[in-house]
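Scroll down for the structure; my scribbles are underneath it.
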Amino acid sequence: MKTNFKNAFLLLGAIALTTAVSCSKDEEVVLETQETVLAELDQQPNHRESECGYVDGNWSSTAYLSSSIGTSSETSFMNSQNSRIASVWGRPAVPLRFVKDASNPNSTFNAISYGSGKIYYGEAIYNAAKARGGSNIVNAMILAHEFAHQLQYTYGLPSRNESTARAAELEADGMAGYYLRRPNGFNKTSFSQIAPAYEFAAAIGDNNVNSPGHHGTAPQRRSAVRLGFLLGAYDLNAPNFDYNFFYYYSGVLNGQYKQAQSEYFNPEIDAYIRAHAEELRRIQSGEMSDEEYFNLD
Ligand SMILES: [Zn+2]
């Protein structure tokens, strides 16, 4: 298989040869669990990666890994975001690689966070997110969402178990909203600055509520990122964020915000979130208009 893929790779020509710069042995790791930004989850445990012309079973057979995306400044932006996101959570950065496919570009509309400790980021989803403008904030948000799954792997989160991926996905959305606000993160203090970018993720929310890969409905994803943004007013580590997020999680789902208290309960945070309870309820119920959502403080 390796030889065949290498031959196919060579046929892609000079463009592919000059862009596929990451072909090192360190990509040969056994996959454990993985997560996609899209709804489908292709669990392929123990699948072994090869080199250059073959990424793994989650990407097309003609896809390949690269350490660059877009211009050199764009690559620097993504790598610096990768470090910054990890730093906000007090964690080391994980390897970030980009997936390209010259013969089937649309196949790279995906980003995957692997349980083995790395993030593969598709060129197509990068380009689509970049086209939304706003200083490439959408790609920062997607990367923060993917890193949130690394936090979940590390700390055994989310603390809430559901029959679908929803709790993990909505928490990752919340952690992305948190990162976009933190002063040492993306440092956006006004929600109106991040809401248009977040619409990209809400747009790929789904209504397949019984599917194992269910990521939450679009209103729930909106409400989750809003709650995460509000929590971004406080310096929280991942377990503390998890506690606070799920303390108010029923509000993300149905507008109810009261749960049992734990050691992480903070009266100041509680008062702050409760002041926004009605607003969060109106987001998740779909009562809030796009215009109002995008202009929240
Ligand atoms: Zn996810």
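Chain lettering (A, B, ...) mirrors the order of the structure tokens, residue numbering begins at 1 for each chain separately, and ligand numbering begins at 1 in order of display.
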| task | Once DSSP has gone over the backbone, tell me which residues of region 84-253 of chain A are in strand (DSSP E or B), as number ranges by chain. | result | A: 96-100, 111-114, 118-122
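Candidate residues A:Ser67, A:Asn127, A:Gln152, A:Ser61 were compared for distance to ligand 1, and the nearest is A:Gln152, using only C-alpha atoms and all ligand atoms.
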| task | Would you mind listing what lies within 7 Å of region 220-223 of chain A as number ranges by chain, with only C-alpha atoms counted and same-chain residues fewer than 2 positions away left out? | result | A: 170, 173, 202, 205, 216-218, 225-227, 252-253, 280, 283-284
Could you list, as a PDB file with all heavy atoms, in the first residue's frame, every residue within 10 Å of Arg97 (chain A), counting only C-alpha atoms and ignoring same-chain residues fewer than 5 positions away?
```pdb
ATOM      1  N   SER A  22       6.029  17.573   5.080  1.00  0.00           N
ATOM      2  CA  SER A  22       6.065  16.835   6.333  1.00  0.00           C
ATOM      3  C   SER A  22       5.917  15.352   6.061  1.00  0.00           C
ATOM      4  O   SER A  22       4.834  14.857   5.845  1.00  0.00           O
ATOM      5  CB  SER A  22       4.948  17.310   7.261  1.00  0.00           C
ATOM      6  OG  SER A  22       4.944  16.544   8.432  1.00  0.00           O
ATOM      7  N   GLU A  27       5.118  10.852  12.307  1.00  0.00           N
ATOM      8  CA  GLU A  27       3.690  10.748  12.047  1.00  0.00           C
ATOM      9  C   GLU A  27       3.194   9.312  12.220  1.00  0.00           C
ATOM     10  O   GLU A  27       2.003   9.050  12.182  1.00  0.00           O
ATOM     11  CB  GLU A  27       3.379  11.216  10.622  1.00  0.00           C
ATOM     12  CG  GLU A  27       3.877  12.615  10.303  1.00  0.00           C
ATOM     13  CD  GLU A  27       3.268  13.685  11.186  1.00  0.00           C
ATOM     14  OE1 GLU A  27       2.296  13.383  11.893  1.00  0.00           O
ATOM     15  OE2 GLU A  27       3.785  14.808  11.190  1.00  0.00           O
ATOM     16  N   TYR A  64      -2.291  14.241   1.670  1.00  0.00           N
ATOM     17  CA  TYR A  64      -0.944  14.165   2.238  1.00  0.00           C
ATOM     18  C   TYR A  64      -0.784  15.243   3.300  1.00  0.00           C
ATOM     19  O   TYR A  64      -1.506  16.238   3.325  1.00  0.00           O
ATOM     20  CB  TYR A  64       0.121  14.318   1.147  1.00  0.00           C
ATOM     21  CG  TYR A  64      -0.030  15.543   0.294  1.00  0.00           C
ATOM     22  CD1 TYR A  64       0.573  16.749   0.656  1.00  0.00           C
ATOM     23  CD2 TYR A  64      -0.787  15.504  -0.870  1.00  0.00           C
ATOM     24  CE1 TYR A  64       0.418  17.884  -0.127  1.00  0.00           C
ATOM     25  CE2 TYR A  64      -0.949  16.630  -1.657  1.00  0.00           C
ATOM     26  CZ  TYR A  64      -0.343  17.809  -1.285  1.00  0.00           C
ATOM     27  OH  TYR A  64      -0.501  18.929  -2.056  1.00  0.00           O
ATOM     28  N   LEU A  65       0.194  15.039   4.168  1.00  0.00           N
ATOM     29  CA  LEU A  65       0.443  15.980   5.258  1.00  0.00           C
ATOM     30  C   LEU A  65       1.387  17.082   4.816  1.00  0.00           C
ATOM     31  O   LEU A  65       2.281  16.864   4.007  1.00  0.00           O
ATOM     32  CB  LEU A  65       1.063  15.250   6.449  1.00  0.00           C
ATOM     33  CG  LEU A  65       0.136  14.321   7.231  1.00  0.00           C
ATOM     34  CD1 LEU A  65       0.950  13.504   8.223  1.00  0.00           C
ATOM     35  CD2 LEU A  65      -0.942  15.130   7.941  1.00  0.00           C
ATOM     36  N   SER A  66       1.178  18.255   5.400  1.00  0.00           N
ATOM     37  CA  SER A  66       2.059  19.379   5.133  1.00  0.00           C
ATOM     38  C   SER A  66       2.242  20.165   6.424  1.00  0.00           C
ATOM     39  O   SER A  66       1.351  20.189   7.276  1.00  0.00           O
ATOM     40  CB  SER A  66       1.454  20.277   4.050  1.00  0.00           C
ATOM     41  OG  SER A  66       2.229  21.452   3.901  1.00  0.00           O
ATOM     42  N   SER A  67       3.374  20.799   6.565  1.00  0.00           N
ATOM     43  CA  SER A  67       3.577  21.657   7.734  1.00  0.00           C
ATOM     44  C   SER A  67       3.241  23.107   7.435  1.00  0.00           C
ATOM     45  O   SER A  67       3.424  23.972   8.286  1.00  0.00           O
ATOM     46  CB  SER A  67       5.028  21.541   8.230  1.00  0.00           C
ATOM     47  OG  SER A  67       5.910  21.921   7.193  1.00  0.00           O
ATOM     48  N   SER A  68       2.726  23.375   6.226  1.00  0.00           N
ATOM     49  CA  SER A  68       2.383  24.758   5.891  1.00  0.00           C
ATOM     50  C   SER A  68       0.950  24.850   5.407  1.00  0.00           C
ATOM     51  O   SER A  68       0.360  23.874   4.936  1.00  0.00           O
ATOM     52  CB  SER A  68       3.326  25.293   4.805  1.00  0.00           C
ATOM     53  OG  SER A  68       3.095  24.621   3.585  1.00  0.00           O
ATOM     54  N   ILE A  69       0.392  26.067   5.533  1.00  0.00           N
ATOM     55  CA  ILE A  69      -0.959  26.338   5.017  1.00  0.00           C
ATOM     56  C   ILE A  69      -0.976  27.779   4.528  1.00  0.00           C
ATOM     57  O   ILE A  69      -0.476  28.686   5.214  1.00  0.00           O
ATOM     58  CB  ILE A  69      -2.024  26.103   6.110  1.00  0.00           C
ATOM     59  CG1 ILE A  69      -3.430  26.120   5.523  1.00  0.00           C
ATOM     60  CG2 ILE A  69      -1.915  27.096   7.244  1.00  0.00           C
ATOM     61  CD1 ILE A  69      -3.806  24.834   4.805  1.00  0.00           C
ATOM     62  N   ASN A  79       0.353  28.383  13.613  1.00  0.00           N
ATOM     63  CA  ASN A  79       1.265  27.792  14.594  1.00  0.00           C
ATOM     64  C   ASN A  79       1.292  28.602  15.888  1.00  0.00           C
ATOM     65  O   ASN A  79       1.365  28.038  16.987  1.00  0.00           O
ATOM     66  CB  ASN A  79       2.672  27.674  13.999  1.00  0.00           C
ATOM     67  CG  ASN A  79       2.759  26.547  12.979  1.00  0.00           C
ATOM     68  OD1 ASN A  79       2.053  25.551  13.091  1.00  0.00           O
ATOM     69  ND2 ASN A  79       3.617  26.714  11.989  1.00  0.00           N
ATOM     70  N   ALA A 111     -11.310  18.846  10.227  1.00  0.00           N
ATOM     71  CA  ALA A 111     -10.194  18.992  11.160  1.00  0.00           C
ATOM     72  C   ALA A 111     -10.386  17.922  12.221  1.00  0.00           C
ATOM     73  O   ALA A 111     -11.506  17.717  12.696  1.00  0.00           O
ATOM     74  CB  ALA A 111     -10.174  20.380  11.793  1.00  0.00           C
ATOM     75  N   LYS A 118      -2.425  14.932  18.669  1.00  0.00           N
ATOM     76  CA  LYS A 118      -2.056  15.748  17.510  1.00  0.00           C
ATOM     77  C   LYS A 118      -3.332  16.234  16.845  1.00  0.00           C
ATOM     78  O   LYS A 118      -4.420  15.683  17.075  1.00  0.00           O
ATOM     79  CB  LYS A 118      -1.242  14.925  16.506  1.00  0.00           C
ATOM     80  CG  LYS A 118      -2.034  13.752  15.946  1.00  0.00           C
ATOM     81  CD  LYS A 118      -1.191  12.858  15.068  1.00  0.00           C
ATOM     82  CE  LYS A 118      -2.032  11.671  14.584  1.00  0.00           C
ATOM     83  NZ  LYS A 118      -1.264  10.723  13.782  1.00  0.00           N
ATOM     84  N   ILE A 119      -3.191  17.259  16.049  1.00  0.00           N
ATOM     85  CA  ILE A 119      -4.328  17.821  15.321  1.00  0.00           C
ATOM     86  C   ILE A 119      -3.975  17.865  13.836  1.00  0.00           C
ATOM     87  O   ILE A 119      -2.925  18.390  13.457  1.00  0.00           O
ATOM     88  CB  ILE A 119      -4.670  19.238  15.832  1.00  0.00           C
ATOM     89  CG1 ILE A 119      -5.150  19.174  17.295  1.00  0.00           C
ATOM     90  CG2 ILE A 119      -5.743  19.880  14.949  1.00  0.00           C
ATOM     91  CD1 ILE A 119      -5.306  20.535  17.958  1.00  0.00           C
ATOM     92  N   TYR A 120      -4.852  17.298  13.015  1.00  0.00           N
ATOM     93  CA  TYR A 120      -4.710  17.386  11.562  1.00  0.00           C
ATOM     94  C   TYR A 120      -5.800  18.328  11.052  1.00  0.00           C
ATOM     95  O   TYR A 120      -6.970  18.157  11.361  1.00  0.00           O
ATOM     96  CB  TYR A 120      -4.877  16.006  10.903  1.00  0.00           C
ATOM     97  CG  TYR A 120      -3.686  15.092  11.042  1.00  0.00           C
ATOM     98  CD1 TYR A 120      -3.721  13.800  10.528  1.00  0.00           C
ATOM     99  CD2 TYR A 120      -2.514  15.504  11.674  1.00  0.00           C
ATOM    100  CE1 TYR A 120      -2.641  12.943  10.642  1.00  0.00           C
ATOM    101  CE2 TYR A 120      -1.428  14.657  11.789  1.00  0.00           C
ATOM    102  CZ  TYR A 120      -1.497  13.373  11.277  1.00  0.00           C
ATOM    103  OH  TYR A 120      -0.436  12.523  11.388  1.00  0.00           O
ATOM    104  N   TYR A 121      -5.392  19.284  10.265  1.00  0.00           N
ATOM    105  CA  TYR A 121      -6.265  20.389   9.876  1.00  0.00           C
ATOM    106  C   TYR A 121      -6.328  20.458   8.358  1.00  0.00           C
ATOM    107  O   TYR A 121      -5.320  20.668   7.690  1.00  0.00           O
ATOM    108  CB  TYR A 121      -5.660  21.670  10.444  1.00  0.00           C
ATOM    109  CG  TYR A 121      -6.617  22.804  10.688  1.00  0.00           C
ATOM    110  CD1 TYR A 121      -6.971  23.147  11.983  1.00  0.00           C
ATOM    111  CD2 TYR A 121      -7.146  23.543   9.634  1.00  0.00           C
ATOM    112  CE1 TYR A 121      -7.836  24.207  12.223  1.00  0.00           C
ATOM    113  CE2 TYR A 121      -8.015  24.598   9.873  1.00  0.00           C
ATOM    114  CZ  TYR A 121      -8.353  24.926  11.172  1.00  0.00           C
ATOM    115  OH  TYR A 121      -9.210  25.976  11.427  1.00  0.00           O
ATOM    116  N   GLY A 122      -7.507  20.286   7.785  1.00  0.00           N
ATOM    117  CA  GLY A 122      -7.661  20.226   6.333  1.00  0.00           C
ATOM    118  C   GLY A 122      -7.564  21.582   5.655  1.00  0.00           C
ATOM    119  O   GLY A 122      -8.018  22.600   6.188  1.00  0.00           O
TER     120      GLY A 122
END
```
| message | When you look at region 135-144 of chain A with a cut-off of 7 Å (counting only C-alpha atoms), what residues show up, excluding the ones that are within fewer than 5 positions of it in the same chain? I need them as a ChimeraX atom specification. | response | /A:81,85,126,129-130,176,179,197-198
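The shortest atom-to-atom distance to ligand 1, with only C-alpha atoms and all ligand atoms taken into account, belongs to A:Glu146 out of A:Glu146, A:Glu287, A:Glu74, A:Glu268.
Nearest to ligand 1 of all the residues A:Glu169, A:Glu292, A:Glu199, A:Asp206 is A:Glu169, based on only C-alpha atoms and all ligand atoms.
For the choices A:Ala165, A:Ala131, A:Leu96, A:Val55, the atom-to-atom distance to Pro212 (chain A) is smallest for A:Ala165 when using only C-alpha atoms.
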| Any idea what the distance is between CA of Ala167 (chain A) and CA of His215 (chain A)? | 7.9 Å
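Distances from A:Ala238, A:Ala203, A:Ile269, A:Ile112 to Tyr155 (chain A) were compared using only C-alpha atoms, and the smallest one belongs to A:Ala238.
Going from CA of Ala233 (chain A) over to CA of Tyr293 (chain A), you cover 18.4 Å.
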